[in-house]
$ cat upload04.txt   # compact mmCIF, C-alpha atoms
# COMPACT_ATOMS: atom_id res chain seq x y z
CA MET A 22 73.03 98.15 109.90
CA GLN A 23 74.44 98.30 106.38
CA ALA A 24 78.13 99.03 105.78
CA ALA A 25 78.78 102.10 103.67
CA VAL A 26 82.52 102.03 104.34
CA THR A 27 84.53 99.16 105.81
CA VAL A 28 87.96 98.66 107.35
CA THR A 29 90.25 95.64 107.40
CA PRO A 30 91.73 94.05 110.53
CA LYS A 31 95.04 95.74 109.70
CA GLN A 32 93.39 99.17 109.59
CA LEU A 33 91.27 98.73 112.71
CA PRO A 34 93.92 99.35 115.43
CA GLU A 35 94.70 102.82 114.07
CA VAL A 36 91.00 103.67 113.92
CA LEU A 37 90.50 102.55 117.51
CA LEU A 38 93.63 104.35 118.68
CA HIS A 39 92.28 107.67 117.45
CA VAL A 40 88.57 107.20 118.07
CA ALA A 41 88.02 104.79 120.97
CA VAL A 42 90.16 106.91 123.31
CA VAL A 43 87.76 109.86 122.90
CA ARG A 44 84.41 108.29 122.00
CA PRO A 45 82.77 104.86 122.44
CA VAL A 46 82.98 102.70 119.32
CA PHE A 47 80.70 99.95 118.05
CA LEU A 48 82.33 97.36 115.80
CA TRP A 49 80.06 95.65 113.30
CA GLY A 50 81.01 92.51 111.43
CA ALA A 51 80.05 89.01 110.41
CA PRO A 52 80.48 86.10 112.85
CA GLY A 53 83.95 84.61 113.05
CA ILE A 54 86.00 87.37 111.44
CA GLY A 55 87.92 88.24 114.61
CA LYS A 56 86.13 91.19 116.21
CA SER A 57 86.66 90.02 119.80
CA SER A 58 90.31 89.04 119.36
CA LEU A 59 91.09 92.36 117.66
CA VAL A 60 89.57 94.32 120.53
CA ARG A 61 91.54 92.31 123.10
CA ALA A 62 94.74 92.84 121.09
CA PHE A 63 94.03 96.58 120.95
CA ALA A 64 93.57 96.69 124.73
CA ASP A 65 96.85 94.83 125.21
CA SER A 66 98.61 97.34 122.97
CA LEU A 67 97.51 100.12 125.33
CA GLY A 68 98.45 98.13 128.41
CA LEU A 69 94.81 97.98 129.51
CA GLU A 70 93.00 95.01 130.96
CA CYS A 71 90.11 93.98 128.71
CA VAL A 72 86.91 93.34 130.66
CA THR A 73 84.32 91.60 128.47
CA LEU A 74 80.58 91.71 129.13
CA LEU A 75 78.36 89.52 126.93
CA GLY A 76 75.11 91.28 126.18
CA THR A 77 73.22 88.01 125.77
CA GLN A 78 74.13 86.94 129.31
CA LEU A 79 73.25 90.15 131.15
CA ALA A 80 70.27 91.46 133.05
CA PRO A 81 69.86 95.20 133.81
CA GLU A 82 70.87 94.68 137.45
CA ASP A 83 74.16 93.16 136.29
CA LEU A 84 75.08 96.67 135.12
CA ILE A 85 73.40 99.11 137.47
CA GLY A 86 74.07 96.88 140.47
CA VAL A 87 71.90 96.33 143.51
CA PRO A 88 70.67 98.95 146.01
CA GLN A 89 72.49 99.42 149.33
CA ILE A 90 71.60 101.53 152.34
CA VAL A 91 74.33 104.05 153.18
CA ASP A 92 73.72 106.60 155.95
CA GLY A 93 70.03 105.96 155.77
CA ARG A 94 69.86 106.45 152.01
CA SER A 95 69.80 103.91 149.20
CA ARG A 96 72.26 103.88 146.37
CA PHE A 97 73.15 101.37 143.68
CA ALA A 98 76.45 99.55 144.02
CA PRO A 99 77.86 98.68 140.57
CA PRO A 100 79.35 95.19 140.12
CA MET A 101 83.06 94.60 140.74
CA SER A 102 83.55 93.62 137.09
CA ILE A 103 82.82 97.24 136.15
CA ALA A 104 83.71 99.27 139.22
CA ARG A 105 87.50 99.33 139.01
CA ASP A 106 90.06 101.83 140.19
CA ALA A 107 92.53 101.53 137.31
CA PRO A 108 91.70 102.43 133.70
CA TYR A 109 90.63 99.50 131.54
CA CYS A 110 88.97 98.54 128.25
CA LEU A 111 85.29 97.76 128.70
CA PHE A 112 84.30 95.47 125.83
CA LEU A 113 80.54 95.11 125.36
CA ASP A 114 80.38 92.04 123.15
CA GLU A 115 77.09 91.09 121.48
CA LEU A 116 75.68 94.39 122.71
CA ASN A 117 73.01 94.53 120.02
CA ALA A 118 71.89 90.98 120.88
CA SER A 119 70.94 92.03 124.42
CA SER A 120 67.39 92.79 125.47
CA PRO A 121 66.03 96.34 125.14
CA GLU A 122 66.18 96.70 128.93
CA VAL A 123 69.88 95.83 128.99
CA GLN A 124 70.58 98.13 126.06
CA LYS A 125 68.86 100.92 127.97
CA ALA A 126 70.99 100.18 131.03
CA PHE A 127 74.09 100.83 128.90
CA TYR A 128 73.05 104.36 127.93
CA SER A 129 74.75 106.31 130.71
CA LEU A 130 77.74 103.97 130.79
CA ILE A 131 78.39 104.48 127.08
CA LEU A 132 77.69 108.19 126.80
CA ASP A 133 78.54 109.55 130.26
CA ARG A 134 81.00 106.80 131.24
CA ARG A 135 79.23 106.40 134.57
CA ILE A 136 76.80 104.13 136.39
CA GLY A 137 75.10 105.81 139.29
CA GLU A 138 77.85 107.43 141.31
CA TYR A 139 80.62 105.34 139.75
CA GLU A 140 82.57 106.86 136.88
CA LEU A 141 84.99 104.98 134.65
CA PRO A 142 88.62 105.85 135.48
CA GLU A 143 90.33 108.39 133.26
CA GLY A 144 92.00 106.60 130.34
CA SER A 145 89.39 103.85 130.07
CA VAL A 146 87.89 103.00 126.67
CA VAL A 147 84.48 101.57 125.80
CA ILE A 148 84.06 99.37 122.72
CA GLY A 149 80.98 97.42 121.67
CA ALA A 150 80.68 94.77 119.00
CA GLY A 151 77.99 92.74 117.34
CA ASN A 152 76.73 90.97 114.26
CA ARG A 153 74.37 92.37 111.69
CA ALA A 154 70.82 91.13 111.21
CA THR A 155 71.81 90.12 107.66
CA ASP A 156 74.35 87.66 109.11
CA ASN A 157 71.56 85.35 110.30
CA ALA A 158 72.96 85.79 113.79
CA LEU A 159 71.20 86.77 116.99
CA ALA A 160 70.74 90.53 116.72
CA ARG A 161 68.08 92.95 117.89
CA PRO A 162 67.33 96.39 116.50
CA MET A 163 69.43 98.96 118.31
CA ALA A 164 67.43 101.83 119.74
CA SER A 165 68.19 105.16 118.08
CA ALA A 166 69.19 106.66 121.44
CA LEU A 167 71.88 103.99 121.84
CA LEU A 168 72.83 103.99 118.15
CA ASN A 169 73.49 107.71 118.30
CA ARG A 170 75.81 107.34 121.31
CA LEU A 171 78.39 105.30 119.36
CA VAL A 172 80.86 105.73 116.51
CA HIS A 173 80.12 102.85 114.11
CA VAL A 174 82.93 100.98 112.37
CA HIS A 175 82.35 98.11 109.96
CA LEU A 176 84.95 95.35 109.82
CA ARG A 177 85.45 93.14 106.78
CA ALA A 178 87.49 89.97 106.46
CA SER A 179 90.82 90.36 104.68
CA ALA A 180 92.69 87.32 103.43
CA SER A 181 96.03 89.15 103.23
CA ASP A 182 95.69 90.46 106.80
CA TRP A 183 94.66 87.07 108.14
CA LEU A 184 97.41 85.19 106.33
CA THR A 185 100.00 87.63 107.67
CA TRP A 186 98.73 86.95 111.18
CA ALA A 187 98.29 83.22 110.65
CA GLY A 188 101.86 82.75 109.45
CA GLY A 189 103.12 83.54 112.95
CA ALA A 190 100.21 82.05 114.89
CA GLY A 191 100.82 78.37 114.22
CA ILE A 192 98.01 77.87 111.69
CA HIS A 193 98.47 74.52 109.94
CA PRO A 194 100.65 74.78 106.79
CA TRP A 195 98.02 73.02 104.66
CA ILE A 196 95.51 75.74 105.49
CA LEU A 197 98.03 78.53 104.91
CA ASP A 198 99.00 77.18 101.50
CA TYR A 199 95.40 76.49 100.51
CA LEU A 200 94.20 80.00 101.36
CA ARG A 201 97.19 81.58 99.64
CA ASN A 202 95.93 79.85 96.50
CA ARG A 203 92.26 80.53 97.24
CA PRO A 204 92.04 83.69 99.38
CA ASP A 205 88.39 84.02 98.34
CA HIS A 206 87.67 80.94 100.45
CA LEU A 207 88.64 82.57 103.75
CA TRP A 208 85.15 83.87 104.38
CA THR A 209 81.66 83.37 103.02
CA ALA A 210 78.38 84.97 104.03
CA PRO A 211 76.59 82.97 106.74
CA PRO A 212 73.98 80.70 105.12
CA LYS A 213 70.29 80.86 105.95
CA THR A 214 70.33 77.18 106.86
CA GLU A 215 72.07 75.58 109.83
CA GLU A 216 75.35 74.45 108.33
CA PRO A 217 79.06 75.24 108.75
CA PHE A 218 80.44 78.20 106.85
CA SER A 219 83.93 79.52 106.20
CA SER A 220 85.36 82.28 108.38
CA PRO A 221 88.75 83.03 109.91
CA ARG A 222 87.47 81.40 113.11
CA SER A 223 86.32 78.20 111.37
CA TRP A 224 89.63 77.82 109.51
CA HIS A 225 91.41 78.29 112.85
CA MET A 226 89.26 75.52 114.35
CA LEU A 227 90.11 73.22 111.46
CA SER A 228 93.79 74.03 111.97
CA ASP A 229 93.60 73.09 115.65
CA ALA A 230 91.94 69.78 114.78
CA LEU A 231 94.55 68.99 112.12
CA HIS A 232 97.38 69.71 114.56
CA SER A 233 95.71 67.38 117.05
CA TYR A 234 95.43 64.53 114.54
CA GLY A 235 98.80 65.04 112.85
CA ASP A 236 99.70 64.98 109.16
CA ASP A 237 99.04 61.24 108.90
CA ILE A 238 95.30 61.85 109.27
CA ASP A 239 93.40 59.61 106.84
CA ASP A 240 91.31 61.05 104.04
CA GLU A 241 87.97 60.09 105.54
CA MET A 242 88.68 61.83 108.85
CA LEU A 243 90.01 64.85 106.95
CA ARG A 244 86.68 64.90 105.14
CA VAL A 245 84.78 64.78 108.43
CA LEU A 246 86.77 67.68 109.89
CA ALA A 247 86.69 69.88 106.79
CA PHE A 248 82.97 69.46 106.17
CA GLY A 249 82.33 70.02 109.88
CA THR A 250 84.04 73.41 109.99
CA VAL A 251 83.90 75.26 106.67
CA THR A 252 81.58 75.75 103.69
CA ALA A 253 80.96 72.48 101.84
CA ALA A 254 82.47 73.70 98.55
CA HIS A 255 85.55 74.97 100.39
CA ALA A 256 85.83 71.73 102.35
CA SER A 257 85.82 69.75 99.10
CA GLY A 258 88.45 72.05 97.62
CA PHE A 259 90.64 71.83 100.71
CA ARG A 260 90.43 68.05 100.76
CA ALA A 261 91.46 67.95 97.11
CA PHE A 262 94.31 70.35 97.83
CA VAL A 263 95.64 68.07 100.57
CA LYS A 264 95.54 65.24 98.07
CA THR A 265 97.76 67.28 95.72
CA VAL A 266 100.19 67.95 98.58
CA ARG A 267 100.39 64.29 99.49
CA ASN A 268 100.84 63.16 95.92
CA ALA A 269 102.96 66.08 94.65
CA PHE A 270 100.22 66.62 92.09
CA GLY A 271 99.86 70.37 91.56
CA LEU A 272 98.78 72.80 88.88
CA GLU A 273 102.39 73.69 88.06
CA ALA A 274 103.03 70.09 87.03
CA VAL A 275 99.94 70.19 84.78
CA LEU A 276 100.96 73.51 83.22
CA LYS A 277 104.45 72.20 82.50
CA GLY A 278 103.06 69.03 80.95
CA GLU A 279 104.77 66.81 83.52
CA VAL A 280 101.40 65.21 84.36
CA GLY A 281 97.96 65.31 82.78
CA TRP A 282 94.64 66.18 84.35
CA PRO A 283 93.59 63.46 86.84
CA SER A 284 90.99 61.32 85.10
CA ALA A 285 90.10 58.60 87.62
CA PRO A 286 86.47 58.73 88.86
CA GLY A 287 87.72 58.90 92.45
CA ASP A 288 89.75 62.03 91.66
CA ARG A 289 86.83 64.19 90.53
CA ASP A 290 87.23 66.46 93.59
CA LEU A 291 90.92 66.85 92.75
CA LEU A 292 90.10 67.61 89.11
CA TYR A 293 87.59 70.27 90.15
CA PHE A 294 90.08 71.87 92.55
CA LEU A 295 92.79 72.00 89.88
CA ALA A 296 90.32 73.49 87.38
CA GLU A 297 89.33 76.24 89.83
CA THR A 298 92.99 76.94 90.57
CA PHE A 299 93.67 77.03 86.82
CA ARG A 300 90.84 79.55 86.38
CA ALA A 301 92.26 81.71 89.18
CA ARG A 302 95.69 81.62 87.52
CA LEU A 303 94.23 82.75 84.20
CA VAL A 304 92.27 85.55 85.87
CA LYS A 305 95.36 86.75 87.69
CA GLU A 306 97.95 86.55 84.91
CA LEU A 307 96.15 87.15 81.61
CA PRO A 308 96.10 90.88 80.74
CA ALA A 309 92.83 92.69 80.01
CA ASP A 310 94.30 93.73 76.65
CA LYS A 311 96.06 91.08 74.61
CA THR A 312 98.47 93.61 73.11
CA GLY A 313 99.69 94.52 76.58
CA GLY A 314 100.57 91.00 77.54
CA SER A 315 104.05 89.68 78.20
CA ALA A 316 105.63 86.68 76.56
CA ALA A 317 104.78 84.65 79.65
CA SER A 318 101.11 85.62 79.49
CA ARG A 319 100.95 84.74 75.77
CA GLN A 320 102.49 81.38 76.55
CA LEU A 321 99.97 80.84 79.36
CA ALA A 322 97.09 81.70 77.00
CA HIS A 323 98.35 79.24 74.37
CA ARG A 324 98.92 76.50 76.94
CA GLY A 325 95.60 77.33 78.59
CA LYS A 326 93.59 76.63 75.45
CA ALA A 327 95.36 73.30 75.00
CA LEU A 328 94.63 72.37 78.60
CA LEU A 329 90.98 73.33 78.17
CA VAL A 330 90.73 70.87 75.28
CA GLU A 331 92.24 68.11 77.42
CA LEU A 332 90.03 69.00 80.36
CA ALA A 333 86.87 68.98 78.23
CA GLU A 334 87.69 65.45 77.06
CA ILE A 335 87.61 64.31 80.70
CA SER A 336 84.74 66.50 81.93
CA LEU A 337 82.98 69.07 79.79
CA GLU A 338 81.17 70.34 82.88
CA ILE A 339 84.38 71.06 84.79
CA ALA A 340 85.99 72.64 81.73
CA GLN A 341 83.06 75.05 81.60
CA VAL A 342 83.85 76.09 85.18
CA VAL A 343 87.13 77.57 83.93
CA ILE A 344 85.47 79.98 81.49
CA ALA A 345 82.24 80.61 83.42
CA SER A 346 80.94 84.11 84.13
CA ASP A 347 80.48 85.38 87.66
CA GLU A 348 77.19 85.25 89.58
CA ASP A 349 76.00 88.45 87.89
CA GLY A 350 76.68 87.09 84.41
CA ARG A 351 79.82 89.19 83.83
CA ALA A 352 82.85 87.66 82.14
CA VAL A 353 85.71 86.97 84.54
CA LEU A 354 88.37 86.03 82.02
CA PRO A 355 89.61 88.65 79.50
CA THR A 356 87.31 89.14 76.51
CA TRP A 357 90.07 88.48 73.98
CA PHE A 358 90.83 85.11 75.55
CA LEU A 359 87.14 84.13 75.55
CA VAL A 360 86.92 85.14 71.86
CA GLU A 361 89.82 82.83 71.05
CA VAL A 362 88.26 80.05 73.09
CA THR A 363 84.98 80.55 71.19
CA ARG A 364 86.88 80.32 67.89
CA ASP A 365 89.09 77.38 68.77
CA LEU A 366 86.81 75.45 71.12
CA PRO A 367 83.27 75.89 69.79
CA ARG A 368 82.11 72.65 71.42
CA LEU A 369 83.01 73.93 74.87
CA VAL A 370 81.26 77.27 74.37
CA ALA A 371 78.20 75.70 72.71
CA ALA A 372 77.76 73.31 75.61
CA ARG A 373 78.10 76.20 78.04
CA ASN A 374 75.26 78.06 76.35
$ encode --input "upload04.txt" --output "structure tokens"
Amino acid sequence: MQAAVTVTPKQLPEVLLHVAVVRPVFLWGAPGIGKSSLVRAFADSLGLECVTLLGTQLAPEDLIGVPQIVDGRSRFAPPMSIARDAPYCLFLDELNASSPEVQKAFYSLILDRRIGEYELPEGSVVIGAGNRATDNALARPMASALLNRLVHVHLRASASDWLTWAGGAGIHPWILDYLRNRPDHLWTAPPKTEEPFSSPRSWHMLSDALHSYGDDIDDEMLRVLAFGTVTAAHASGFRAFVKTVRNAFGLEAVLKGEVGWPSAPGDRDLLYFLAETFRARLVKELPADKTGGSAASRQLAHRGKALLVELAEISLEIAQVVIASDEDGRAVLPTWFLVEVTRDLPRLVAARN
């Protein structure tokens, strides 16, 4: 299932409030971006108990129940987890990872809101969720008959939404500050190999581990935890960020000239992190048109070129990271700034080409 239009976690509750109360909804999204927690929070907001069924752990009889003889006739008795008297939120998690037989057993429950003679109480809502095949997660093709019984909503990760939530959820301050500086590191597409990758869930796990260890955690154990929970490049950046926090060595101090770029061989990860943060600052604050820039942006451009010279003296490779194009070969920094860099720093540009 490919996403034509997506919603953020902040937008999702309103969508569910208007749609899930009248039609069953299926929520698509990558692993670890908060689908399950958002559904449970939505159920709580309606005052409904959230009953979760995991598609990967079900057999058809777990839904349709077992036959009983009543007055000489057989009928299926649905399980107690489903057959309830009060309205509730039925959350069918990992629905598209279930077997075709289980998916088929959901048909009448999703469309007609009934199993055999049992009908969901008035006011109940049915929400399914699952990963996409492109997420390298367990997912089976959804039969067209089931697909057509659901309203499909695609959820995307949002750094601003997550940081708003995380600020009041006890997420470790190091992680909050790091992701405020590098919101693009909140989530990455699941890799095709078996290795950790960044997601809101994995950053939350790292936060829990950091709280357990305390802020006096040594650098080697921090490395173990970071590389065991998030994408390797993000883990390296986070570890370098913590080093800046502990040593009061930040980009602001470099920009102001209070300290120089770290040049010790053991600080290469720190140097790389500062260079990436420097690049992000230039992208954010330099105007697309030089004539429209403020005095502050002109000062940043002038200081930026001087810092690029200093950075290239330490590591030409890392200096090139600052001016590099994106994955599609498009310039990220403003063209006018790159022209000035080409004019004033030909060695840097020549090495890059």
$ atom_distance --input "upload04.txt" --atom1 "atom CA of A:Asp106" --atom2 "atom CA of A:Leu75"
21.5 Å
$ closest_residue --input "upload04.txt" --among "A:Leu291, A:Leu307, A:Ala164, A:Ile54" --to "A:Leu207" --atoms "all atoms listed in the file"
A:Ile54
$ closest_residue --input "upload04.txt" --among "A:Asp290, A:Glu331, A:Asp133, A:Glu138" --to "A:Val275" --atoms "all atoms listed in the file"
A:Glu331
$ residues_around --input "upload04.txt" --residues "A:Ile192" --least-positions-apart "4" --cutoff "9 Å" --atoms "all atoms listed in the file" --output "short mmCIF file (atom, residue, chain, number, x, y, z; two decimals) with C-alpha atoms, in the frame of the given file"
data_model
loop_
_atom_site.label_atom_id
_atom_site.label_comp_id
_atom_site.auth_asym_id
_atom_site.auth_seq_id
_atom_site.Cartn_x
_atom_site.Cartn_y
_atom_site.Cartn_z
CA ALA A 187 98.29 83.22 110.65
CA GLY A 188 101.86 82.75 109.45
CA ILE A 196 95.51 75.74 105.49
CA LEU A 197 98.03 78.53 104.91
CA TRP A 224 89.63 77.82 109.51
CA HIS A 225 91.41 78.29 112.85
CA SER A 228 93.79 74.03 111.97
CA ASP A 229 93.60 73.09 115.65
CA HIS A 232 97.38 69.71 114.56
#
$ closest_residue --input "upload04.txt" --among "A:Ala301, A:Ala316, A:Ala309, A:Leu38" --to "A:Arg203" --atoms "all atoms listed in the file"
A:Ala301
$ axis_aligned_box --input "upload04.txt" --around "stretch 220-239 of chain A" --padding-each-side "8 Å" --output "JSON"
{"center_x": 92.5, "center_y": 71.3, "center_z": 111.9, "size_x": 30.3, "size_y": 39.4, "size_z": 26.2}
$ atom_distance --input "upload04.txt" --atom1 "atom CA of A:Val245" --atom2 "atom CA of A:Pro52"
22.2 Å
$ residues_around --input "upload04.txt" --residues "stretch 26-31 of chain A" --least-positions-apart "3" --cutoff "10 Å" --atoms "only C-alpha atoms" --output "number ranges by chain"
A: 23, 34-36, 49-50, 54-56, 59, 174-183, 185-186
$ write_last_selection --input "upload04.txt" --atoms "C-alpha atoms" --output "mmCIF file, keeping the file's coordinate frame"
data_model
loop_
_atom_site.group_PDB
_atom_site.id
_atom_site.type_symbol
_atom_site.label_atom_id
_atom_site.label_comp_id
_atom_site.auth_asym_id
_atom_site.auth_seq_id
_atom_site.Cartn_x
_atom_site.Cartn_y
_atom_site.Cartn_z
ATOM 1 C CA GLN A 23 74.440 98.300 106.380
ATOM 2 C CA PRO A 34 93.920 99.350 115.430
ATOM 3 C CA GLU A 35 94.700 102.820 114.070
ATOM 4 C CA VAL A 36 91.000 103.670 113.920
ATOM 5 C CA TRP A 49 80.060 95.650 113.300
ATOM 6 C CA GLY A 50 81.010 92.510 111.430
ATOM 7 C CA ILE A 54 86.000 87.370 111.440
ATOM 8 C CA GLY A 55 87.920 88.240 114.610
ATOM 9 C CA LYS A 56 86.130 91.190 116.210
ATOM 10 C CA LEU A 59 91.090 92.360 117.660
ATOM 11 C CA VAL A 174 82.930 100.980 112.370
ATOM 12 C CA HIS A 175 82.350 98.110 109.960
ATOM 13 C CA LEU A 176 84.950 95.350 109.820
ATOM 14 C CA ARG A 177 85.450 93.140 106.780
ATOM 15 C CA ALA A 178 87.490 89.970 106.460
ATOM 16 C CA SER A 179 90.820 90.360 104.680
ATOM 17 C CA ALA A 180 92.690 87.320 103.430
ATOM 18 C CA SER A 181 96.030 89.150 103.230
ATOM 19 C CA ASP A 182 95.690 90.460 106.800
ATOM 20 C CA TRP A 183 94.660 87.070 108.140
ATOM 21 C CA THR A 185 100.000 87.630 107.670
ATOM 22 C CA TRP A 186 98.730 86.950 111.180
#
$ residues_around --input "upload04.txt" --residues "A:Glu334" --least-positions-apart "2" --cutoff "12 Å" --atoms "all atoms listed in the file" --output "mmCIF file with C-alpha atoms, in the frame of the given file"
data_model
loop_
_atom_site.group_PDB
_atom_site.id
_atom_site.type_symbol
_atom_site.label_atom_id
_atom_site.label_comp_id
_atom_site.auth_asym_id
_atom_site.auth_seq_id
_atom_site.Cartn_x
_atom_site.Cartn_y
_atom_site.Cartn_z
ATOM 1 C CA GLY A 281 97.960 65.310 82.780
ATOM 2 C CA TRP A 282 94.640 66.180 84.350
ATOM 3 C CA PRO A 283 93.590 63.460 86.840
ATOM 4 C CA SER A 284 90.990 61.320 85.100
ATOM 5 C CA ALA A 327 95.360 73.300 75.000
ATOM 6 C CA LEU A 328 94.630 72.370 78.600
ATOM 7 C CA LEU A 329 90.980 73.330 78.170
ATOM 8 C CA VAL A 330 90.730 70.870 75.280
ATOM 9 C CA GLU A 331 92.240 68.110 77.420
ATOM 10 C CA LEU A 332 90.030 69.000 80.360
ATOM 11 C CA SER A 336 84.740 66.500 81.930
ATOM 12 C CA LEU A 337 82.980 69.070 79.790
ATOM 13 C CA GLU A 338 81.170 70.340 82.880
ATOM 14 C CA ILE A 339 84.380 71.060 84.790
ATOM 15 C CA ALA A 340 85.990 72.640 81.730
ATOM 16 C CA GLN A 341 83.060 75.050 81.600
ATOM 17 C CA LEU A 366 86.810 75.450 71.120
ATOM 18 C CA ARG A 368 82.110 72.650 71.420
ATOM 19 C CA LEU A 369 83.010 73.930 74.870
#
$ closest_residue --input "upload04.txt" --among "A:Arg170, A:Arg324, A:His206, A:Arg105" --to "A:Glu297" --atoms "only C-alpha atoms"
A:His206
$ closest_residue --input "upload04.txt" --among "A:Asp92, A:Glu241, A:Ile335, A:Glu361" --to "A:Ala285" --atoms "all atoms listed in the file"
A:Ile335
$ residues_around --input "upload04.txt" --residues "A:Val251" --least-positions-apart "4" --cutoff "12 Å" --atoms "all atoms listed in the file" --output "ChimeraX atom specification"
/A:53,196,206-212,216-228,244-247,255-260
$ decode --input "upload04.txt" --residues "stretch 28-44 of chain A" --atoms "N, CA, C and O atoms" --output "PDB file, in the first residue's frame"
ATOM      1  N   VAL A  28      -1.014  11.792   7.095  1.00  0.00           N
ATOM      2  CA  VAL A  28      -1.371  12.666   8.211  1.00  0.00           C
ATOM      3  C   VAL A  28      -0.302  12.528   9.282  1.00  0.00           C
ATOM      4  O   VAL A  28       0.409  11.531   9.356  1.00  0.00           O
ATOM      5  N   THR A  29      -0.187  13.530  10.130  1.00  0.00           N
ATOM      6  CA  THR A  29       0.749  13.505  11.243  1.00  0.00           C
ATOM      7  C   THR A  29       0.040  12.989  12.493  1.00  0.00           C
ATOM      8  O   THR A  29      -1.198  12.953  12.542  1.00  0.00           O
ATOM      9  N   PRO A  30       0.789  12.612  13.517  1.00  0.00           N
ATOM     10  CA  PRO A  30       0.149  12.197  14.773  1.00  0.00           C
ATOM     11  C   PRO A  30      -0.783  13.257  15.351  1.00  0.00           C
ATOM     12  O   PRO A  30      -1.805  12.921  15.960  1.00  0.00           O
ATOM     13  N   LYS A  31      -0.462  14.526  15.151  1.00  0.00           N
ATOM     14  CA  LYS A  31      -1.317  15.595  15.663  1.00  0.00           C
ATOM     15  C   LYS A  31      -2.649  15.648  14.921  1.00  0.00           C
ATOM     16  O   LYS A  31      -3.696  15.968  15.497  1.00  0.00           O
ATOM     17  N   GLN A  32      -2.628  15.335  13.634  1.00  0.00           N
ATOM     18  CA  GLN A  32      -3.843  15.386  12.823  1.00  0.00           C
ATOM     19  C   GLN A  32      -4.716  14.145  12.993  1.00  0.00           C
ATOM     20  O   GLN A  32      -5.923  14.202  12.755  1.00  0.00           O
ATOM     21  N   LEU A  33      -4.104  13.039  13.380  1.00  0.00           N
ATOM     22  CA  LEU A  33      -4.828  11.765  13.398  1.00  0.00           C
ATOM     23  C   LEU A  33      -6.061  11.747  14.286  1.00  0.00           C
ATOM     24  O   LEU A  33      -7.111  11.234  13.861  1.00  0.00           O
ATOM     25  N   PRO A  34      -6.030  12.250  15.533  1.00  0.00           N
ATOM     26  CA  PRO A  34      -7.226  12.166  16.381  1.00  0.00           C
ATOM     27  C   PRO A  34      -8.471  12.778  15.739  1.00  0.00           C
ATOM     28  O   PRO A  34      -9.570  12.213  15.865  1.00  0.00           O
ATOM     29  N   GLU A  35      -8.322  13.900  15.063  1.00  0.00           N
ATOM     30  CA  GLU A  35      -9.484  14.525  14.428  1.00  0.00           C
ATOM     31  C   GLU A  35     -10.025  13.651  13.302  1.00  0.00           C
ATOM     32  O   GLU A  35     -11.243  13.513  13.131  1.00  0.00           O
ATOM     33  N   VAL A  36      -9.103  13.040  12.538  1.00  0.00           N
ATOM     34  CA  VAL A  36      -9.532  12.140  11.468  1.00  0.00           C
ATOM     35  C   VAL A  36     -10.312  10.968  12.045  1.00  0.00           C
ATOM     36  O   VAL A  36     -11.404  10.617  11.562  1.00  0.00           O
ATOM     37  N   LEU A  37      -9.783  10.362  13.104  1.00  0.00           N
ATOM     38  CA  LEU A  37     -10.460   9.223  13.718  1.00  0.00           C
ATOM     39  C   LEU A  37     -11.797   9.633  14.328  1.00  0.00           C
ATOM     40  O   LEU A  37     -12.778   8.876  14.261  1.00  0.00           O
ATOM     41  N   LEU A  38     -11.836  10.812  14.914  1.00  0.00           N
ATOM     42  CA  LEU A  38     -13.066  11.269  15.562  1.00  0.00           C
ATOM     43  C   LEU A  38     -14.213  11.387  14.570  1.00  0.00           C
ATOM     44  O   LEU A  38     -15.370  11.118  14.898  1.00  0.00           O
ATOM     45  N   HIS A  39     -13.903  11.775  13.343  1.00  0.00           N
ATOM     46  CA  HIS A  39     -14.948  11.950  12.340  1.00  0.00           C
ATOM     47  C   HIS A  39     -15.199  10.701  11.504  1.00  0.00           C
ATOM     48  O   HIS A  39     -16.297  10.515  10.978  1.00  0.00           O
ATOM     49  N   VAL A  40     -14.186   9.863  11.358  1.00  0.00           N
ATOM     50  CA  VAL A  40     -14.313   8.719  10.458  1.00  0.00           C
ATOM     51  C   VAL A  40     -14.539   7.405  11.201  1.00  0.00           C
ATOM     52  O   VAL A  40     -15.446   6.641  10.859  1.00  0.00           O
ATOM     53  N   ALA A  41     -13.714   7.147  12.243  1.00  0.00           N
ATOM     54  CA  ALA A  41     -13.793   5.850  12.916  1.00  0.00           C
ATOM     55  C   ALA A  41     -15.129   5.626  13.614  1.00  0.00           C
ATOM     56  O   ALA A  41     -15.518   4.485  13.859  1.00  0.00           O
ATOM     57  N   VAL A  42     -15.847   6.690  13.937  1.00  0.00           N
ATOM     58  CA  VAL A  42     -17.144   6.528  14.610  1.00  0.00           C
ATOM     59  C   VAL A  42     -18.247   6.128  13.636  1.00  0.00           C
ATOM     60  O   VAL A  42     -19.343   5.748  14.052  1.00  0.00           O
ATOM     61  N   VAL A  43     -17.963   6.207  12.328  1.00  0.00           N
ATOM     62  CA  VAL A  43     -18.989   5.822  11.348  1.00  0.00           C
ATOM     63  C   VAL A  43     -18.526   4.699  10.423  1.00  0.00           C
ATOM     64  O   VAL A  43     -19.353   3.973   9.872  1.00  0.00           O
ATOM     65  N   ARG A  44     -17.226   4.545  10.251  1.00  0.00           N
ATOM     66  CA  ARG A  44     -16.686   3.499   9.390  1.00  0.00           C
ATOM     67  C   ARG A  44     -15.393   2.945   9.982  1.00  0.00           C
ATOM     68  O   ARG A  44     -14.628   3.675  10.619  1.00  0.00           O
TER      69      ARG A  44
END
